file start16.cif (mmCIF, C-alpha atoms)
data_model
#
loop_
_atom_site.label_atom_id
_atom_site.label_comp_id
_atom_site.auth_asym_id
_atom_site.auth_seq_id
_atom_site.Cartn_x
_atom_site.Cartn_y
_atom_site.Cartn_z
CA MET A 1 31.10 170.24 85.81
CA ILE A 2 32.70 167.40 83.92
CA ARG A 3 31.77 164.93 86.71
CA GLY A 4 28.19 166.11 86.72
CA GLY A 5 27.98 165.73 82.99
CA TYR A 6 29.50 162.28 83.23
CA GLN A 7 26.98 161.20 85.83
CA SER A 8 24.18 162.48 83.65
CA ASP A 9 25.43 160.49 80.67
CA SER A 10 25.84 157.33 82.77
CA LEU A 11 22.26 157.46 84.15
CA TRP A 12 20.45 158.08 80.82
CA PRO A 13 20.40 154.45 79.58
CA HIS A 14 18.74 153.25 82.82
CA GLU A 15 16.02 155.90 82.59
CA HIS A 16 15.53 155.09 78.90
CA MET A 17 15.05 151.39 79.62
CA ALA A 18 12.52 152.12 82.37
CA LEU A 19 10.57 154.35 80.04
CA LEU A 20 10.54 151.67 77.33
CA ARG A 21 9.31 149.06 79.82
CA ARG A 22 6.49 151.37 80.88
CA ILE A 23 5.51 152.02 77.24
CA ASN A 24 5.56 148.29 76.53
CA GLN A 25 3.34 147.61 79.53
CA ILE A 26 0.85 150.23 78.36
CA LEU A 27 0.87 148.84 74.81
CA LEU A 28 0.40 145.32 76.11
CA PHE A 29 -2.49 146.43 78.28
CA LEU A 30 -4.13 148.22 75.34
CA LEU A 31 -3.65 145.14 73.16
CA VAL A 32 -5.30 142.90 75.75
CA VAL A 33 -8.21 145.33 76.11
CA THR A 34 -8.60 145.50 72.31
CA ILE A 35 -8.59 141.69 71.96
CA CYS A 36 -11.15 141.35 74.76
CA ALA A 37 -13.38 143.96 73.11
CA ILE A 38 -13.18 142.16 69.75
CA LEU A 39 -13.99 138.79 71.31
CA TYR A 40 -16.90 140.27 73.26
CA LYS A 41 -18.29 141.95 70.15
CA LYS A 42 -18.11 138.70 68.17
CA ALA A 43 -19.74 136.73 70.97
CA TYR A 44 -22.52 139.33 71.31
CA LYS A 45 -23.08 139.36 67.55
CA VAL A 46 -23.44 135.56 67.44
CA SER A 47 -25.85 135.67 70.38
CA THR A 48 -27.86 138.40 68.68
CA LEU A 49 -28.04 136.48 65.40
CA LYS A 50 -29.23 133.38 67.21
CA ASN A 51 -32.01 135.29 68.90
CA GLU A 52 -33.12 137.37 65.92
CA PRO A 53 -35.44 134.77 64.26
CA ASP A 54 -37.29 134.07 67.48
CA ASP A 55 -37.59 137.75 68.27
CA ALA A 56 -38.81 138.44 64.75
CA GLU A 57 -41.36 135.67 64.98
CA ASP A 58 -42.59 136.96 68.33
CA SER A 59 -42.83 140.45 66.86
CA GLU A 60 -44.78 139.16 63.86
CA GLU A 61 -47.14 137.25 66.09
CA MET A 62 -47.68 140.30 68.26
CA GLU A 63 -48.32 142.47 65.22
CA GLU A 64 -50.66 140.07 63.41
CA GLU A 65 -53.98 141.79 62.94
CA ILE A 66 -57.30 140.04 63.40
CA PRO A 67 -59.73 141.71 60.98
CA VAL A 68 -63.32 141.69 62.23
CA VAL A 69 -66.12 142.93 59.95
CA VAL A 70 -69.26 144.33 61.60
CA CYS A 71 -72.05 146.26 59.88
CA ALA A 72 -73.53 149.37 61.48
CA ALA A 73 -77.01 150.03 60.11
CA ALA A 74 -78.80 153.31 60.75
CA GLY A 75 -81.67 152.02 62.89
CA ARG A 76 -79.61 149.56 64.93
CA MET A 77 -76.16 151.10 65.19
CA GLY A 78 -76.12 150.51 68.94
CA ALA A 79 -75.97 146.79 68.21
CA ALA A 80 -72.71 147.12 66.30
CA MET A 81 -71.16 149.25 69.05
CA ALA A 82 -72.12 146.72 71.74
CA ALA A 83 -70.66 143.88 69.66
CA ILE A 84 -67.41 145.79 69.11
CA ASN A 85 -67.17 146.68 72.80
CA SER A 86 -67.62 143.05 73.86
CA ILE A 87 -64.90 141.87 71.45
CA TYR A 88 -62.40 144.56 72.41
CA SER A 89 -62.98 144.10 76.15
CA ASN A 90 -62.41 140.34 76.10
CA THR A 91 -59.13 140.07 74.22
CA ASP A 92 -55.53 141.23 74.19
CA ALA A 93 -55.25 140.40 70.49
CA ASN A 94 -54.45 143.02 67.86
CA VAL A 95 -57.96 143.46 66.45
CA LEU A 96 -58.71 145.71 63.50
CA PHE A 97 -62.42 146.47 63.17
CA TYR A 98 -63.92 147.08 59.74
CA VAL A 99 -67.14 148.94 60.48
CA VAL A 100 -69.32 148.88 57.36
CA GLY A 101 -72.11 151.36 56.71
CA LEU A 102 -74.01 153.22 54.03
CA ARG A 103 -72.85 156.68 53.03
CA ASN A 104 -75.44 158.57 55.09
CA THR A 105 -74.38 156.82 58.32
CA LEU A 106 -70.59 157.09 58.14
CA SER A 107 -70.28 160.33 60.14
CA HIS A 108 -72.58 158.93 62.85
CA ILE A 109 -70.45 155.78 63.10
CA ARG A 110 -67.26 157.82 63.46
CA LYS A 111 -68.76 160.13 66.09
CA TRP A 112 -70.03 157.20 68.16
CA ILE A 113 -66.60 155.56 68.16
CA GLU A 114 -64.48 158.66 68.67
CA HIS A 115 -66.68 160.18 71.41
CA SER A 116 -66.96 157.05 73.57
CA LYS A 117 -64.71 154.47 75.22
CA LEU A 118 -64.36 152.87 71.76
CA ARG A 119 -61.92 155.63 70.80
CA GLU A 120 -59.16 153.21 71.88
CA ILE A 121 -59.95 150.59 69.21
CA LYS A 122 -58.22 150.22 65.84
CA PHE A 123 -60.85 150.66 63.15
CA LYS A 124 -61.60 151.50 59.55
CA ILE A 125 -64.98 152.77 58.39
CA VAL A 126 -65.95 151.22 55.06
CA GLU A 127 -68.73 152.45 52.80
CA PHE A 128 -70.92 149.80 51.17
CA ASN A 129 -72.46 150.80 47.87
CA PRO A 130 -75.95 149.25 47.61
CA MET A 131 -75.90 149.64 43.83
CA VAL A 132 -74.03 146.31 43.59
CA LEU A 133 -77.32 144.66 44.62
CA LYS A 134 -79.37 146.14 41.79
CA GLY A 135 -81.42 143.41 40.11
CA LYS A 136 -80.35 140.80 42.66
CA ILE A 137 -82.94 141.16 45.45
CA ARG A 138 -86.52 140.02 45.09
CA PRO A 139 -89.07 142.26 46.89
CA ASP A 140 -90.38 140.42 49.93
CA THR A 141 -92.95 141.70 52.41
CA ALA A 142 -92.70 138.92 55.00
CA ARG A 143 -89.55 140.32 56.67
CA PRO A 144 -88.51 143.51 54.86
CA GLU A 145 -85.70 144.16 57.36
CA LEU A 146 -83.84 141.20 55.86
CA LEU A 147 -83.66 143.03 52.53
CA GLN A 148 -81.55 145.87 53.92
CA PRO A 149 -78.37 146.28 51.84
CA LEU A 150 -75.96 145.68 54.73
CA ASN A 151 -77.45 142.21 55.18
CA PHE A 152 -75.54 141.24 52.04
CA VAL A 153 -72.13 142.67 53.00
CA ARG A 154 -70.95 139.15 53.87
CA PHE A 155 -71.25 138.25 50.15
CA TYR A 156 -68.71 140.91 49.19
CA LEU A 157 -65.93 140.51 51.76
CA PRO A 158 -63.02 140.45 49.25
CA LEU A 159 -64.25 143.70 47.71
CA LEU A 160 -64.20 145.43 51.09
CA ILE A 161 -61.18 143.79 52.75
CA HIS A 162 -58.03 143.68 50.63
CA LYS A 163 -54.88 142.96 52.61
CA HIS A 164 -55.95 140.07 54.85
CA GLU A 165 -55.80 136.35 54.19
CA LYS A 166 -58.26 135.44 56.94
CA VAL A 167 -61.28 137.47 58.04
CA ILE A 168 -64.00 137.20 60.69
CA TYR A 169 -67.49 138.42 59.81
CA LEU A 170 -70.06 138.92 62.58
CA ASP A 171 -73.70 139.95 62.49
CA ASP A 172 -74.35 143.07 64.56
CA ASP A 173 -76.77 141.34 66.97
CA VAL A 174 -74.06 139.33 68.72
CA ILE A 175 -72.12 139.63 71.95
CA VAL A 176 -68.70 138.02 72.30
CA GLN A 177 -67.86 136.58 75.71
CA GLY A 178 -64.68 134.70 74.72
CA ASP A 179 -61.32 135.76 73.31
CA ILE A 180 -61.75 136.52 69.59
CA GLN A 181 -58.28 135.06 69.00
CA GLU A 182 -59.78 131.62 69.63
CA LEU A 183 -62.38 132.10 66.89
CA TYR A 184 -59.73 133.47 64.53
CA ASP A 185 -57.64 130.34 65.11
CA THR A 186 -60.45 128.15 63.69
CA LYS A 187 -58.85 125.73 61.22
CA LEU A 188 -60.25 125.76 57.70
CA MET A 189 -59.86 122.57 55.72
CA LEU A 190 -57.87 122.66 52.48
CA GLY A 191 -60.01 124.08 49.69
CA HIS A 192 -62.63 125.58 52.02
CA ALA A 193 -63.37 129.30 51.69
CA ALA A 194 -65.32 129.62 54.96
CA ALA A 195 -66.28 128.05 58.28
CA PHE A 196 -69.76 128.21 59.81
CA SER A 197 -71.62 126.74 62.77
CA ASP A 198 -74.07 124.00 61.81
CA ASP A 199 -77.62 124.26 63.12
CA CYS A 200 -77.53 120.67 64.42
CA ASP A 201 -74.17 120.81 66.14
CA LEU A 202 -75.18 121.55 69.74
CA PRO A 203 -77.69 119.25 71.48
CA SER A 204 -78.31 121.89 74.17
CA THR A 205 -80.09 124.08 71.60
CA HIS A 206 -82.33 121.40 70.09
CA GLU A 207 -85.14 121.86 72.60
CA MET A 208 -85.28 125.60 71.98
CA VAL A 209 -85.34 125.02 68.21
CA ARG A 210 -88.29 122.63 68.55
CA SER A 211 -90.20 124.81 71.02
CA ALA A 212 -89.86 127.93 68.87
CA GLY A 213 -90.78 126.12 65.68
CA MET A 214 -87.49 126.99 63.99
CA GLN A 215 -86.02 125.23 61.01
CA ASN A 216 -82.57 123.68 61.05
CA THR A 217 -82.56 121.89 57.69
CA TYR A 218 -82.37 122.98 54.06
CA MET A 219 -86.10 122.33 53.70
CA GLY A 220 -86.74 125.39 55.86
CA PHE A 221 -84.82 127.67 53.52
CA LEU A 222 -85.25 126.41 49.95
CA ASP A 223 -88.42 125.75 47.95
CA TYR A 224 -88.09 122.11 47.00
CA ARG A 225 -91.06 122.40 44.67
CA LYS A 226 -88.83 124.28 42.24
CA LYS A 227 -86.86 122.32 39.65
CA ALA A 228 -83.68 124.36 40.15
CA ILE A 229 -83.62 123.34 43.81
CA LYS A 230 -84.41 119.69 43.12
CA ASP A 231 -81.64 119.56 40.53
CA LEU A 232 -79.07 120.49 43.18
CA GLY A 233 -79.40 116.99 44.59
CA ILE A 234 -79.31 118.24 48.18
CA SER A 235 -81.41 116.25 50.62
CA PRO A 236 -84.07 118.51 52.21
CA GLY A 237 -83.16 116.99 55.59
CA THR A 238 -79.56 118.23 55.37
CA CYS A 239 -78.58 120.28 58.40
CA SER A 240 -78.38 124.00 57.64
CA PHE A 241 -75.86 126.49 59.00
CA ASN A 242 -76.11 130.09 60.15
CA PRO A 243 -73.91 132.67 58.33
CA GLY A 244 -74.11 135.21 61.15
CA VAL A 245 -70.61 134.14 62.24
CA ILE A 246 -68.10 133.44 59.48
CA VAL A 247 -64.37 132.72 59.46
CA ALA A 248 -63.34 133.22 55.83
CA ASN A 249 -60.24 132.51 53.75
CA MET A 250 -60.03 135.36 51.26
CA THR A 251 -57.66 133.56 48.87
CA GLU A 252 -60.01 130.60 48.49
CA TRP A 253 -63.03 132.89 48.33
CA LYS A 254 -61.57 134.76 45.37
CA HIS A 255 -60.16 131.62 43.73
CA GLN A 256 -63.56 129.92 43.82
CA ARG A 257 -65.35 133.12 42.78
CA ILE A 258 -67.72 132.77 45.73
CA THR A 259 -69.17 136.26 45.30
CA LYS A 260 -70.06 135.55 41.66
CA GLN A 261 -71.68 132.25 42.65
CA LEU A 262 -73.78 133.95 45.32
CA GLU A 263 -74.85 136.66 42.90
CA LYS A 264 -75.90 134.02 40.37
CA TRP A 265 -78.29 132.44 42.88
CA MET A 266 -79.60 135.85 43.93
CA GLN A 267 -80.44 136.60 40.31
CA ARG A 268 -82.04 133.20 39.83
CA ASN A 269 -84.18 133.80 42.88
CA VAL A 270 -85.39 137.10 41.42
CA ALA A 271 -86.48 135.23 38.31
CA GLU A 272 -87.72 131.95 39.84
CA ASN A 273 -88.54 132.67 43.51
CA LEU A 274 -86.42 129.80 44.84
CA TYR A 275 -86.44 130.95 48.44
CA SER A 276 -87.98 133.69 50.54
CA SER A 277 -87.92 135.13 54.04
CA SER A 278 -91.28 133.51 54.70
CA LEU A 279 -89.35 130.25 54.93
CA GLY A 280 -86.80 129.52 57.62
CA GLY A 281 -84.21 132.21 57.65
CA GLY A 282 -84.23 134.87 55.03
CA VAL A 283 -82.74 135.83 51.74
CA ALA A 284 -79.07 136.08 52.75
CA THR A 285 -78.80 132.58 54.21
CA SER A 286 -80.31 130.60 51.33
CA PRO A 287 -77.75 131.36 48.58
CA MET A 288 -74.93 130.64 51.03
CA LEU A 289 -76.47 127.27 51.86
CA ILE A 290 -76.41 126.42 48.17
CA VAL A 291 -72.91 127.69 47.37
CA PHE A 292 -71.22 126.27 50.48
CA TYR A 293 -73.08 122.94 50.52
CA GLY A 294 -70.55 120.25 51.48
CA LYS A 295 -67.68 122.74 51.15
CA HIS A 296 -67.32 124.50 54.47
CA SER A 297 -65.41 123.94 57.68
CA HIS A 298 -66.93 124.01 61.16
CA ILE A 299 -66.80 126.53 63.97
CA ASN A 300 -66.77 125.40 67.59
CA PRO A 301 -70.49 125.32 68.57
CA LEU A 302 -69.86 127.44 71.68
CA TRP A 303 -68.70 130.21 69.35
CA HIS A 304 -72.20 130.61 67.96
CA ILE A 305 -75.02 130.17 70.49
CA ARG A 306 -77.94 131.51 68.52
CA HIS A 307 -81.75 131.68 68.36
CA LEU A 308 -81.89 134.13 71.29
CA GLY A 309 -84.12 136.39 69.21
CA TRP A 310 -86.62 133.84 67.93
CA SER A 311 -89.01 133.93 70.86
CA ALA A 312 -89.70 136.33 73.69
CA ASP A 313 -90.30 133.36 75.99
CA ALA A 314 -87.72 130.67 75.17
CA ARG A 315 -84.67 131.01 77.42
CA TYR A 316 -81.37 129.21 77.90
CA SER A 317 -80.09 128.24 81.34
CA GLU A 318 -77.79 130.74 83.01
CA HIS A 319 -75.03 128.13 83.25
CA PHE A 320 -75.21 127.42 79.53
CA LEU A 321 -75.10 131.12 78.69
CA GLN A 322 -72.02 131.59 80.87
CA GLU A 323 -70.25 128.79 78.99
CA ALA A 324 -71.04 130.36 75.60
CA LYS A 325 -68.26 132.21 73.77
CA LEU A 326 -70.64 134.13 71.50
CA LEU A 327 -74.37 134.89 71.82
CA HIS A 328 -76.52 135.67 68.79
CA TRP A 329 -79.99 137.23 68.96
CA ASN A 330 -81.00 136.16 65.45
CA GLY A 331 -84.75 136.49 64.95
CA ARG A 332 -87.29 139.26 65.49
CA HIS A 333 -86.78 139.87 69.21
CA LYS A 334 -83.63 141.99 69.50
CA PRO A 335 -82.05 142.68 72.91
CA TRP A 336 -82.20 146.46 72.47
CA ASP A 337 -85.92 146.23 71.85
CA PHE A 338 -88.94 144.98 73.79
CA PRO A 339 -89.83 142.22 74.39
CA SER A 340 -86.63 140.15 74.25
CA VAL A 341 -84.82 137.43 76.21
CA HIS A 342 -81.62 137.86 78.21
CA PRO A 343 -81.40 141.60 77.41
CA ASP A 344 -79.21 142.12 80.49
CA LEU A 345 -76.37 140.12 78.90
CA TRP A 346 -76.46 142.39 75.89
CA GLU A 347 -76.99 145.67 77.73
CA SER A 348 -73.90 145.17 79.87
CA TRP A 349 -71.87 145.88 76.70
CA PHE A 350 -74.04 148.67 75.31
CA ILE A 351 -72.47 152.11 74.90
CA PRO A 352 -74.93 155.04 74.82
CA ASP A 353 -75.06 157.05 71.62
CA PRO A 354 -73.19 160.36 72.12
CA SER A 355 -75.60 162.00 69.65
CA GLY A 356 -78.66 160.64 71.48
CA LYS A 357 -80.22 159.24 68.28
CA PHE A 358 -80.19 155.56 69.28
CA LYS A 359 -82.25 154.69 72.34
CA LEU A 360 -83.09 151.43 74.05
CA ASN A 361 -86.70 150.29 74.14
CA ARG A 362 -87.46 148.73 77.49
CA GLY A 363 -91.26 148.69 77.23
CA GLY A 364 -92.68 151.53 79.27
CA SER A 365 -89.56 152.08 81.32
#
call {"tool": "encode", "arguments": {"input": "start16.cif", "output": "structure tokens"}}
result
Amino acid sequence: MIRGGYQSDSLWPHEHMALLRRINQILLFLLVVTICAILYKKAYKVSTLKNEPDDAEDSEEMEEEIPVVVCAAAGRMGAAMAAINSIYSNTDANVLFYVVGLRNTLSHIRKWIEHSKLREIKFKIVEFNPMVLKGKIRPDTARPELLQPLNFVRFYLPLLIHKHEKVIYLDDDVIVQGDIQELYDTKLMLGHAAAFSDDCDLPSTHEMVRSAGMQNTYMGFLDYRKKAIKDLGISPGTCSFNPGVIVANMTEWKHQRITKQLEKWMQRNVAENLYSSSLGGGVATSPMLIVFYGKHSHINPLWHIRHLGWSADARYSEHFLQEAKLLHWNGRHKPWDFPSVHPDLWESWFIPDPSGKFKLNRGGS
């Protein structure tokens, strides 16, 4: 018994040392694992911090909204829907549509969008109050359609659009064949509140302008017999521009009080008859020609191929139309009506009215 106890006492230190070595090995292993984990975490954190600005910038770029303002008038709402469809179908950009209408049309606008393929778009429906135009529009019988309240929405962009620095405004009788991002990227010169397309900027359109008897100078829009117009000091031969496509800087617009300037000339026209729709282009263009004279930037000419509605006979070549980024049927002959030119290009983007109120006129068809 004593021998057995002695043997047990003599073996205990060896077993104790082996146990300590094993514990030390485990602790050393855990220490190495902990150090590796700390080093990996630090390295990953540095890598993440390096990548964060780029990722944030990419995210911001992806999330940047392109606000596009289009009016949807009661008798021609199908035009606005076709324009919106053409824009949405030709871009991957994050477009937010501001669809502007009068109070009695808002439910129709919403139904058309939500009960058609346009349900996928991002949009806001904005009511325009025509009372802001009281005392600012002179009655004119030559082209009464140009006196419709929504024709003046472009004057009031900052009152309708609040959170955006840059805004695109488009007339409803357009079709967009290019990527709207390209138009949005139009550079505005320092101090300019808007960019337009000049009426003399594309030689390919000059023949159509001459053949249809259209005006492309200030003389066609302003009455140079009136003293107020003469006092502006603008040469009557100055090339005009078309405000059916606008890229606008809202900060400059507000800073320069553009809306107030436009209203001033509207009121002067009521009192003095300085321009009329019987001249070149109607009552919305003329005040803009005055206010933006010499103070606007330029849109790429292919982003505003216009005059398609001036004559039922004058036509562009198919090749030229394919090259165009945006087509504009300004004039009396609209592509949803009869007669008109190149209606097939417009109709390919048309979305039938779910309520059945808007119908195409194809002349006996």
call {"tool": "residues_around", "arguments": {"input": "start16.cif", "residues": "Lys254 (chain A)", "least_positions_apart": "5", "cutoff": "9 Å", "atoms": "only C-alpha atoms", "output": "MDAnalysis selection string"}}
result
chainID A and resid 158 193 249 259
call {"tool": "resolve_selection", "arguments": {"input": "start16.cif", "expression": "the PyMOL selection byres ((chain A and resi 263-270) around 12)", "output": "MDAnalysis selection string"}}
result
chainID A and resid 132:140 147 152 154:156 222:223 226:229 232 257:262 271:277 283:291
call {"tool": "closest_residue", "arguments": {"input": "start16.cif", "among": "A:Gly331, A:Gln215, A:Trp349, A:Met81", "to": "Glu114 (chain A)", "atoms": "only C-alpha atoms"}}
result
A:Met81
call {"tool": "resolve_selection", "arguments": {"input": "start16.cif", "expression": "the PyMOL selection byres ((chain A and resi 175) around 6)", "output": "list in words"}}
result
Ala83, Ser86, Val174, Val176, Leu326 and Leu327 of chain A
call {"tool": "atom_distance", "arguments": {"input": "start16.cif", "atom1": "CA of Ile161 (chain A)", "atom2": "CA of Gln177 (chain A)"}}
result
25.0 Å
call {"tool": "resolve_selection", "arguments": {"input": "start16.cif", "expression": "the PyMOL selection byres ((chain A and resi 97-105) around 10)", "output": "compact mmCIF listing (two decimals) with C-alpha atoms, in the frame of the given file"}}
result
# COMPACT_ATOMS: atom_id res chain seq x y z
CA GLU A 65 -53.98 141.79 62.94
CA ILE A 66 -57.30 140.04 63.40
CA PRO A 67 -59.73 141.71 60.98
CA VAL A 68 -63.32 141.69 62.23
CA VAL A 69 -66.12 142.93 59.95
CA VAL A 70 -69.26 144.33 61.60
CA CYS A 71 -72.05 146.26 59.88
CA ALA A 72 -73.53 149.37 61.48
CA ALA A 73 -77.01 150.03 60.11
CA ALA A 74 -78.80 153.31 60.75
CA GLY A 75 -81.67 152.02 62.89
CA MET A 77 -76.16 151.10 65.19
CA ALA A 80 -72.71 147.12 66.30
CA MET A 81 -71.16 149.25 69.05
CA ILE A 84 -67.41 145.79 69.11
CA ILE A 87 -64.90 141.87 71.45
CA TYR A 88 -62.40 144.56 72.41
CA ASN A 94 -54.45 143.02 67.86
CA VAL A 95 -57.96 143.46 66.45
CA LEU A 96 -58.71 145.71 63.50
CA LEU A 106 -70.59 157.09 58.14
CA SER A 107 -70.28 160.33 60.14
CA HIS A 108 -72.58 158.93 62.85
CA ILE A 109 -70.45 155.78 63.10
CA ARG A 110 -67.26 157.82 63.46
CA ILE A 121 -59.95 150.59 69.21
CA LYS A 122 -58.22 150.22 65.84
CA PHE A 123 -60.85 150.66 63.15
CA LYS A 124 -61.60 151.50 59.55
CA ILE A 125 -64.98 152.77 58.39
CA VAL A 126 -65.95 151.22 55.06
CA GLU A 127 -68.73 152.45 52.80
CA PHE A 128 -70.92 149.80 51.17
CA ASN A 129 -72.46 150.80 47.87
CA PRO A 130 -75.95 149.25 47.61
CA PRO A 149 -78.37 146.28 51.84
CA LEU A 150 -75.96 145.68 54.73
CA VAL A 153 -72.13 142.67 53.00
CA LEU A 160 -64.20 145.43 51.09
CA ILE A 161 -61.18 143.79 52.75
CA ILE A 168 -64.00 137.20 60.69
CA TYR A 169 -67.49 138.42 59.81
call {"tool": "build_atoms", "arguments": {"input": "start16.cif", "residues": "region 182-193 of chain A", "atoms": "N, CA, C and O atoms", "output": "JSON list (two decimals), in the frame of the given file"}}
result
[["chain", "number", "residue", "atom", "x", "y", "z"],
["A", 182, "GLU", "N", -59.39, 133.03, 69.71],
["A", 182, "GLU", "CA", -59.78, 131.62, 69.63],
["A", 182, "GLU", "C", -60.63, 131.36, 68.39],
["A", 182, "GLU", "O", -60.45, 130.36, 67.69],
["A", 183, "LEU", "N", -61.56, 132.25, 68.10],
["A", 183, "LEU", "CA", -62.38, 132.10, 66.89],
["A", 183, "LEU", "C", -61.52, 132.27, 65.64],
["A", 183, "LEU", "O", -61.66, 131.51, 64.68],
["A", 184, "TYR", "N", -60.61, 133.23, 65.67],
["A", 184, "TYR", "CA", -59.73, 133.47, 64.53],
["A", 184, "TYR", "C", -58.85, 132.26, 64.24],
["A", 184, "TYR", "O", -58.50, 132.00, 63.08],
["A", 185, "ASP", "N", -58.51, 131.51, 65.26],
["A", 185, "ASP", "CA", -57.64, 130.34, 65.11],
["A", 185, "ASP", "C", -58.39, 129.11, 64.58],
["A", 185, "ASP", "O", -57.80, 128.03, 64.47],
["A", 186, "THR", "N", -59.68, 129.25, 64.28],
["A", 186, "THR", "CA", -60.45, 128.15, 63.69],
["A", 186, "THR", "C", -59.73, 127.64, 62.44],
["A", 186, "THR", "O", -59.35, 128.42, 61.57],
["A", 187, "LYS", "N", -59.54, 126.33, 62.36],
["A", 187, "LYS", "CA", -58.85, 125.73, 61.22],
["A", 187, "LYS", "C", -59.83, 125.51, 60.07],
["A", 187, "LYS", "O", -60.89, 124.91, 60.26],
["A", 188, "LEU", "N", -59.46, 125.99, 58.90],
["A", 188, "LEU", "CA", -60.25, 125.76, 57.70],
["A", 188, "LEU", "C", -59.59, 124.64, 56.90],
["A", 188, "LEU", "O", -58.37, 124.66, 56.68],
["A", 189, "MET", "N", -60.39, 123.68, 56.49],
["A", 189, "MET", "CA", -59.86, 122.57, 55.72],
["A", 189, "MET", "C", -59.37, 123.06, 54.35],
["A", 189, "MET", "O", -59.84, 124.07, 53.83],
["A", 190, "LEU", "N", -58.43, 122.32, 53.78],
["A", 190, "LEU", "CA", -57.87, 122.66, 52.48],
["A", 190, "LEU", "C", -58.99, 122.78, 51.44],
["A", 190, "LEU", "O", -59.82, 121.88, 51.32],
["A", 191, "GLY", "N", -59.01, 123.88, 50.73],
["A", 191, "GLY", "CA", -60.01, 124.08, 49.69],
["A", 191, "GLY", "C", -61.31, 124.70, 50.18],
["A", 191, "GLY", "O", -62.20, 124.96, 49.38],
["A", 192, "HIS", "N", -61.42, 124.96, 51.49],
["A", 192, "HIS", "CA", -62.63, 125.58, 52.02],
["A", 192, "HIS", "C", -62.44, 127.09, 52.13],
["A", 192, "HIS", "O", -61.44, 127.57, 52.65],
["A", 193, "ALA", "N", -63.44, 127.84, 51.66],
["A", 193, "ALA", "CA", -63.37, 129.30, 51.69],
["A", 193, "ALA", "C", -63.94, 129.88, 52.97],
["A", 193, "ALA", "O", -63.74, 131.06, 53.26]]
